[in-house]
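Enquirer: Handing you this structure, nothing more for now.
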Amino acid sequence: MNALQPTLVRLAAALAALHAATAVGAVQTKVTQQQDRWVLENAQLRVSVDPQPGTLTVLDKQAGHLWKQAPQVDGKGGPRFQNLRPVGTPANGLGFEAAFGVTQGKPNLLHVTLTLPAEGSDLLVEADMADRTQPIDNVFFLEPLLLDSPTAVLAVADYSNGHLYSLVGKPPRRWFTASRLDMPWVGVCDLEKGFGYALLVETSDDASLELRTVKVGEKQLAAPRVVWMPCKKQFAYPRKLVYHFAPRGGYVALAKWYRQRARQMGLVVPFSEKLKANPNLARLLGAPDVWGNASLKFAREAKAAGVEKMILHGRSSPADMKAINELGYLTSEYDNYTDILPLEPGKEVDAHHDRVPEHVVLKADGQRMTAWLTFDKKTQYMKRCPARWVPTAQIVVPKVLKTHPYIGRFIDVTTAEDLYECYDPQHPLTRADKRRCGVELLRYVRSLGLVTGGEHGIWWAVPHVDYIEGMMSGGSYSWPAGHLIRPKSKDQPFASPWGGQYGKWEQYAQWGIGHENRVPLWELVFHDCVVSTWYWGDASDFLLAAAPEVTPKKDAFNVLYGTIPILWANKEGSWNTHRDVFLRTYRNTCKLHEVIAGTEMLSHEFVTADRAVQRTRFSDGTEVVVNFGSQPYEAHVGGKTYLLPQNGFAAKGPRIEQSLALIDGKPVTTIHAGAYHYTDAK
């Protein structure tokens, strides 16, 4: 029997291999024609194409849901989709031609290819033109796939870490420029049942997303469709998108799918790798982002008050900066290469001055591009062409580092503004070229050994930036936040220097700080790669006069998302006006961040139906529960029970235990992290 054993093992292995090969063969993509319709099918999806009205349906077999496009009116005459045919060897897709609108009286005739891999639930779509030099206007592409459900939502990182917009009725937003989405995908999902799809625009540089509203029976339903924008007035190159269908998990599952795609693209570069290249990054983890005072006096006061880490923006003497660095803080300087004034006679090019108009972006209409406008309208900056960013930085930054021992550098605007084109023949750029200029600028700054920050976050910057200001903010303000004007009350009106009024406080309350509509899509993808915080004009302590209740709510968001606060140490900042608030915000948010900064956020969920109580989990086992509601909530975390007041929290992981909970009716904060212990119980 023992002699036969090796032979039997080899036979079993051969049979298993044969079974596996047979199984793989069974799930190959099939392309079939059923009367007028064509079907593209694998084990997970069944895509049907009806050429007459020009519509698709997608059956997600795992979810048991049939996705349909908006109802079409059958055209008279020939079918809208022409020349349907299998593509690939063996066939794994369908190709066809169709006109999508007209430009200058000429149809936008696109060659469309639908591809379904042998395994998985991704439908790949490509559009091309026979003559890519043909002038085009915006090309409205395939009709959207609708979700008829009362809990249908759009999940999108639209100048924020994430929003949920209802897709029933009139959506609050209709248009999203894909190149300015923080991640180039949106999700459509049923919040209650969990199934949905992600729409990823792979060629997002020249694209937008329209929330198209369609009447179905008595209901108004909205869903996203892609709009291909011209590249230098032409189609220029093949355009690509992906539909990914998830049977469960909602927006979390869709975000995790995108994380896998981002990893394949080399975008997921965690701190465990970044720290090897720059050990000074350790100073960033658990550090509040502080503006308004870069003096050694302030640094020493903060250290004495227990602030162990801090990003400190500004310039002091080289000797003082050296002493600040020795305290363990991260010294950083503001920098901006986009907004310029004319070069003064006898002066060299610097970050804020350049040759005007020679180095200013030239728009398609022949006008030079304007940039920042001061609040008093007296000073109009111009937009430096991105082709000049790196050459200018190579002049500016090394000169500063020769005299001042900065550890970090903050690059304003570059990662916050949209892509645009330049038509100047001396420095022409497509939108894709402009994106690459941003990557090269950040890569150059980091090559100097500097911890690199940026204004707001964008997917292409993640490998080249370490912290971002603005991602935690909701993208909707009711005051001149960019001009750093603090409102004194919630209803104080402000006129924009560009014309019109700033928004109402209610908009900020709903979309800027409202917990019902916020989800951490960005953190679900990039939490372990980039540190994020609020805008400096929407800082944790910026609204102490107008809305003091916002500060503890922001602290609760920082705890829930595992992110850092931003604080002011100038005359109006909390360090001088409400030091207890400054220190409370630091303690409650930064000790947790220091522990979990390098971990992946695994999940986010609404615990209660009103979305007031929310939970996140991280890859090291840390669990966080936060109560945004006005009524106390009994939370069970790490085997303990906590009664959480409004903006209260409980967090438990292998390296931290902290809570803000009611004990005998009194809110008590307790933090245990390694050798650090804090409580305000007595």
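Ordered as shown in the structure tokens, chains take letters A, B, and onward, while each chain numbers its residues from 1 and ligands are numbered from 1 in the order shown.
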Let's see if you can do this: from backbone DSSP, list all alpha helix (DSSP H) residues in stretch 1-172 of chain A, as a list of chain:residue names.

Expert: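 Filtering stretch 1-172 of chain A down to alpha helix (DSSP H) leaves A:Gln5, A:Pro6, A:Thr7, A:Leu8, A:Val9, A:Arg10, A:Leu11, A:Ala12, A:Ala13, A:Ala14, A:Leu15, A:Ala16, A:Ala17, A:Leu18, A:His19, A:Ala20, A:Ala21, A:Thr22, A:Ala23, A:Val24, A:Gly25, A:Ala26.
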
Enquirer: Save the residues we just selected, N, CA and C atoms, as an mmCIF file, in the first residue's frame?

Expert:
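So the final result, stored in out_1.cif, reads:
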data_model
loop_
_atom_site.group_PDB
_atom_site.id
_atom_site.type_symbol
_atom_site.label_atom_id
_atom_site.label_comp_id
_atom_site.auth_asym_id
_atom_site.auth_seq_id
_atom_site.Cartn_x
_atom_site.Cartn_y
_atom_site.Cartn_z
ATOM 1 N N GLN A 5 1.312 4.623 -2.835
ATOM 2 C CA GLN A 5 0.856 5.944 -2.394
ATOM 3 C C GLN A 5 1.333 7.086 -3.296
ATOM 4 N N PRO A 6 2.623 7.161 -3.707
ATOM 5 C CA PRO A 6 3.048 8.251 -4.590
ATOM 6 C C PRO A 6 2.299 8.259 -5.914
ATOM 7 N N THR A 7 2.037 7.058 -6.456
ATOM 8 C CA THR A 7 1.306 6.975 -7.724
ATOM 9 C C THR A 7 -0.108 7.505 -7.575
ATOM 10 N N LEU A 8 -0.756 7.123 -6.457
ATOM 11 C CA LEU A 8 -2.121 7.598 -6.214
ATOM 12 C C LEU A 8 -2.156 9.113 -6.052
ATOM 13 N N VAL A 9 -1.131 9.666 -5.385
ATOM 14 C CA VAL A 9 -1.069 11.114 -5.206
ATOM 15 C C VAL A 9 -0.949 11.814 -6.548
ATOM 16 N N ARG A 10 -0.053 11.268 -7.437
ATOM 17 C CA ARG A 10 0.121 11.875 -8.755
ATOM 18 C C ARG A 10 -1.156 11.775 -9.570
ATOM 19 N N LEU A 11 -1.869 10.629 -9.467
ATOM 20 C CA LEU A 11 -3.118 10.446 -10.198
ATOM 21 C C LEU A 11 -4.177 11.436 -9.717
ATOM 22 N N ALA A 12 -4.250 11.615 -8.390
ATOM 23 C CA ALA A 12 -5.221 12.567 -7.840
ATOM 24 C C ALA A 12 -4.914 13.988 -8.314
ATOM 25 N N ALA A 13 -3.618 14.317 -8.353
ATOM 26 C CA ALA A 13 -3.231 15.653 -8.809
ATOM 27 C C ALA A 13 -3.586 15.853 -10.271
ATOM 28 N N ALA A 14 -3.380 14.821 -11.083
ATOM 29 C CA ALA A 14 -3.706 14.927 -12.502
ATOM 30 C C ALA A 14 -5.202 15.102 -12.710
ATOM 31 N N LEU A 15 -6.018 14.340 -11.943
ATOM 32 C CA LEU A 15 -7.467 14.473 -12.047
ATOM 33 C C LEU A 15 -7.925 15.859 -11.614
ATOM 34 N N ALA A 16 -7.296 16.395 -10.547
ATOM 35 C CA ALA A 16 -7.648 17.739 -10.084
ATOM 36 C C ALA A 16 -7.309 18.778 -11.139
ATOM 37 N N ALA A 17 -6.143 18.622 -11.786
ATOM 38 C CA ALA A 17 -5.757 19.568 -12.835
ATOM 39 C C ALA A 17 -6.716 19.499 -14.008
ATOM 40 N N LEU A 18 -7.132 18.253 -14.377
ATOM 41 C CA LEU A 18 -8.088 18.094 -15.470
ATOM 42 C C LEU A 18 -9.417 18.737 -15.125
ATOM 43 N N HIS A 19 -9.861 18.568 -13.871
ATOM 44 C CA HIS A 19 -11.117 19.180 -13.424
ATOM 45 C C HIS A 19 -11.025 20.702 -13.467
ATOM 46 N N ALA A 20 -9.870 21.229 -13.026
ATOM 47 C CA ALA A 20 -9.687 22.682 -13.038
ATOM 48 C C ALA A 20 -9.698 23.213 -14.454
ATOM 49 N N ALA A 21 -9.020 22.489 -15.375
ATOM 50 C CA ALA A 21 -9.003 22.933 -16.764
ATOM 51 C C ALA A 21 -10.395 22.912 -17.364
ATOM 52 N N THR A 22 -11.163 21.861 -17.027
ATOM 53 C CA THR A 22 -12.543 21.776 -17.516
ATOM 54 C C THR A 22 -13.382 22.912 -16.969
ATOM 55 N N ALA A 23 -13.168 23.223 -15.665
ATOM 56 C CA ALA A 23 -13.935 24.302 -15.037
ATOM 57 C C ALA A 23 -13.620 25.633 -15.692
ATOM 58 N N VAL A 24 -12.312 25.873 -15.977
ATOM 59 C CA VAL A 24 -11.938 27.128 -16.627
ATOM 60 C C VAL A 24 -12.581 27.230 -17.996
ATOM 61 N N GLY A 25 -12.564 26.090 -18.732
ATOM 62 C CA GLY A 25 -13.187 26.096 -20.045
ATOM 63 C C GLY A 25 -14.664 26.386 -19.984
ATOM 64 N N ALA A 26 -15.304 26.015 -18.868
ATOM 65 C CA ALA A 26 -16.754 26.171 -18.767
ATOM 66 C C ALA A 26 -17.166 27.618 -18.569
#

Enquirer: Quick one: everything within 7 Å of A:Val525, counting only C-alpha atoms, minus sequence neighbours fewer than 4 positions away in the same chain. Send it as a ChimeraX atom specification.

Expert: /A:255-256,259,521

Enquirer: Report as JSON lines: every residue of stretch 408-449 of chain A with an atom at most 9 Å from stretch 364-379 of chain A, its closest pair of atoms, and their distance in Å to one decimal, counting only C-alpha atoms, with rows sorted by chain and ascending residue number.

Expert:
{"residue": "A:Glu421", "atom": "CA", "partner": "A:Ala364", "partner_atom": "CA", "distance": 7.9}
{"residue": "A:Cys422", "atom": "CA", "partner": "A:Ala364", "partner_atom": "CA", "distance": 7.5}
{"residue": "A:Tyr423", "atom": "CA", "partner": "A:Ala364", "partner_atom": "CA", "distance": 6.1}
{"residue": "A:Asp424", "atom": "CA", "partner": "A:Gly366", "partner_atom": "CA", "distance": 8.9}

Enquirer: So which residues touch A:Asn42 within 12 Å, counting only C-alpha atoms, skipping near sequence neighbours fewer than 5 positions away, as a list in words?

Expert: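 That gives Val24, Gly25, Ala26, Val27, Gln28, Thr29, Lys30, Val31, Thr32, Val47, Ser48, Val58, Leu59, Asp60, Lys61, Gln62, Ala91, Asn92, Gly93, Thr115, Leu116, Pro117, Ala118, Glu119, Gly120, Ser121, Asp122 and Leu123 of chain A.
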
Enquirer: Can you list, as a VMD selection string, every protein, DNA or RNA residue that comes within 12 Å of stretch 428-430 of chain A when you count only C-alpha atoms, leaving out same-chain residues fewer than 2 positions away?

Expert: chain A and resid 205 to 206 229 to 234 236 359 to 364 385 to 388 419 to 426 432 to 437

Enquirer: What does the distance from atom CA of A:Tyr633 to atom CA of A:Pro288 come to in Å, to one decimal?

Expert: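 Computed distance, atom CA of A:Tyr633 to atom CA of A:Pro288, equals 28.5 Å.
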
Enquirer: For A:Leu592, which residue among A:Val607, A:Val356, A:Ile324, A:Val559 is the nearest when counting only C-alpha atoms?

Expert: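 The answer is A:Val559, which sits nearest to A:Leu592.
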
Enquirer: Using only C-alpha atoms, which protein or nucleic acid residues come within 12 Å of stretch 80-88 of chain A? Drop anything in the same chain fewer than 5 positions from it, and give the result as a PyMOL selection string.

Expert: chain A and resi 29-33+36-40+48-56+72-75+93-101+109-118+142

Enquirer: Between A:Trp460, A:Tyr406, A:Phe235, A:Phe526, which has the minimum distance to A:Pro318 (counting only C-alpha atoms)?

Expert: A:Tyr406

Enquirer: Kindly give the distance, in Å, that separates atom CA of A:Lys215 and atom CA of A:Leu147, rounded to a single decimal.

Expert: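 Computed distance, atom CA of A:Lys215 to atom CA of A:Leu147, equals 12.2 Å.
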
Enquirer: With only C-alpha atoms as the basis for distance, which of A:Glu326, A:Asp339, A:Asp148, A:Asp418 is at the shortest distance from A:Gly217?

Expert: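 For A:Gly217, the nearest of the given residues is A:Asp148.
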
Enquirer: Give me the residues within 7 Å of stretch 179-190 of chain A as a PyMOL selection string, counting only C-alpha atoms and dropping any in the same chain fewer than 5 places off.

Expert: chain A and resi 149+151-159+195-201+204-207+250-251+254+418-419+457-459

Enquirer: Restricting the output to C-alpha atoms, write the selected residues as a short mmCIF file (atom, residue, chain, number, x, y, z; two decimals), in the first residue's frame.

Expert:
data_model
loop_
_atom_site.label_atom_id
_atom_site.label_comp_id
_atom_site.auth_asym_id
_atom_site.auth_seq_id
_atom_site.Cartn_x
_atom_site.Cartn_y
_atom_site.Cartn_z
CA SER A 149 -35.24 51.78 -5.76
CA THR A 151 -32.74 53.76 -1.50
CA ALA A 152 -30.79 54.24 -4.73
CA VAL A 153 -27.78 56.53 -4.22
CA LEU A 154 -24.82 57.87 -6.14
CA ALA A 155 -21.54 57.48 -4.22
CA VAL A 156 -18.91 59.97 -5.39
CA ALA A 157 -15.74 61.66 -4.13
CA ASP A 158 -16.66 65.06 -5.56
CA TYR A 159 -14.14 67.46 -4.03
CA PHE A 195 -25.94 45.58 -4.83
CA GLY A 196 -24.72 48.16 -7.34
CA TYR A 197 -22.14 49.09 -9.92
CA ALA A 198 -19.10 51.31 -10.23
CA LEU A 199 -18.58 53.37 -13.36
CA LEU A 200 -14.84 53.94 -13.78
CA VAL A 201 -13.71 56.41 -16.45
CA SER A 204 -10.81 60.63 -17.38
CA ASP A 205 -8.60 63.51 -18.54
CA ASP A 206 -11.10 64.53 -21.23
CA ALA A 207 -14.41 63.38 -19.82
CA GLY A 250 -22.70 48.70 -1.52
CA TYR A 251 -20.31 51.65 -1.78
CA LEU A 254 -17.19 49.40 -4.96
CA ASP A 418 -9.09 70.92 -12.68
CA LEU A 419 -7.11 69.96 -15.75
CA GLY A 457 -6.47 65.20 -3.03
CA ILE A 458 -6.57 63.59 -6.43
CA TRP A 459 -5.93 59.97 -7.38
#

Enquirer: Need the shell around A:Phe410: protein/DNA/RNA residues with any atom at most 9 Å away, counting only C-alpha atoms. Skip same-chain ones fewer than 5 positions apart. Format as a PyMOL selection string?

Expert: chain A and resi 313+332-336+451-455+467-468

Enquirer: Name the residues of stretch 391-533 of chain A that fall into strand (DSSP E) according to DSSP on the backbone, using the chain letters and numbers of this document, as a PyMOL selection string.

Expert: chain A and resi 408-412+451-455+467-469+531-533

Enquirer: Go ahead and save the residues from that selection, with N, CA and C atoms, as an mmCIF file, in the first residue's frame.

Expert:
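Now in out11.cif:
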data_model
loop_
_atom_site.group_PDB
_atom_site.id
_atom_site.type_symbol
_atom_site.label_atom_id
_atom_site.label_comp_id
_atom_site.auth_asym_id
_atom_site.auth_seq_id
_atom_site.Cartn_x
_atom_site.Cartn_y
_atom_site.Cartn_z
ATOM 1 N N GLY A 408 9.490 69.721 5.369
ATOM 2 C CA GLY A 408 8.354 69.525 4.485
ATOM 3 C C GLY A 408 8.110 70.727 3.592
ATOM 4 N N ARG A 409 7.187 70.536 2.635
ATOM 5 C CA ARG A 409 6.782 71.630 1.751
ATOM 6 C C ARG A 409 5.338 71.393 1.331
ATOM 7 N N PHE A 410 4.548 72.465 1.391
ATOM 8 C CA PHE A 410 3.128 72.394 1.038
ATOM 9 C C PHE A 410 2.916 73.080 -0.306
ATOM 10 N N ILE A 411 2.434 72.327 -1.307
ATOM 11 C CA ILE A 411 2.217 72.846 -2.656
ATOM 12 C C ILE A 411 0.729 73.139 -2.828
ATOM 13 N N ASP A 412 0.400 74.412 -2.891
ATOM 14 C CA ASP A 412 -0.989 74.831 -3.014
ATOM 15 C C ASP A 412 -1.478 74.670 -4.458
ATOM 16 N N VAL A 451 8.911 66.017 3.123
ATOM 17 C CA VAL A 451 7.547 65.533 3.324
ATOM 18 C C VAL A 451 6.637 66.496 2.559
ATOM 19 N N THR A 452 5.862 65.979 1.622
ATOM 20 C CA THR A 452 5.166 66.832 0.653
ATOM 21 C C THR A 452 3.676 66.851 0.905
ATOM 22 N N GLY A 453 3.138 68.068 1.016
ATOM 23 C CA GLY A 453 1.702 68.248 1.180
ATOM 24 C C GLY A 453 1.102 68.917 -0.042
ATOM 25 N N GLY A 454 -0.211 68.825 -0.168
ATOM 26 C CA GLY A 454 -0.896 69.448 -1.287
ATOM 27 C C GLY A 454 -2.285 69.890 -0.890
ATOM 28 N N GLU A 455 -2.823 70.834 -1.667
ATOM 29 C CA GLU A 455 -4.194 71.264 -1.450
ATOM 30 C C GLU A 455 -5.133 70.258 -2.092
ATOM 31 N N TYR A 467 0.582 64.304 2.537
ATOM 32 C CA TYR A 467 -0.612 64.774 3.238
ATOM 33 C C TYR A 467 -1.346 65.777 2.362
ATOM 34 N N ILE A 468 -2.663 65.872 2.585
ATOM 35 C CA ILE A 468 -3.502 66.741 1.767
ATOM 36 C C ILE A 468 -4.451 67.516 2.674
ATOM 37 N N GLU A 469 -4.614 68.778 2.354
ATOM 38 C CA GLU A 469 -5.543 69.626 3.082
ATOM 39 C C GLU A 469 -6.799 69.830 2.251
ATOM 40 N N VAL A 531 -2.155 61.177 4.437
ATOM 41 C CA VAL A 531 -2.825 61.770 5.587
ATOM 42 C C VAL A 531 -3.718 62.901 5.078
ATOM 43 N N SER A 532 -4.962 62.945 5.521
ATOM 44 C CA SER A 532 -5.867 63.991 5.040
ATOM 45 C C SER A 532 -6.473 64.764 6.200
ATOM 46 N N THR A 533 -6.849 66.009 5.886
ATOM 47 C CA THR A 533 -7.445 66.888 6.883
ATOM 48 C C THR A 533 -8.414 67.849 6.195
#
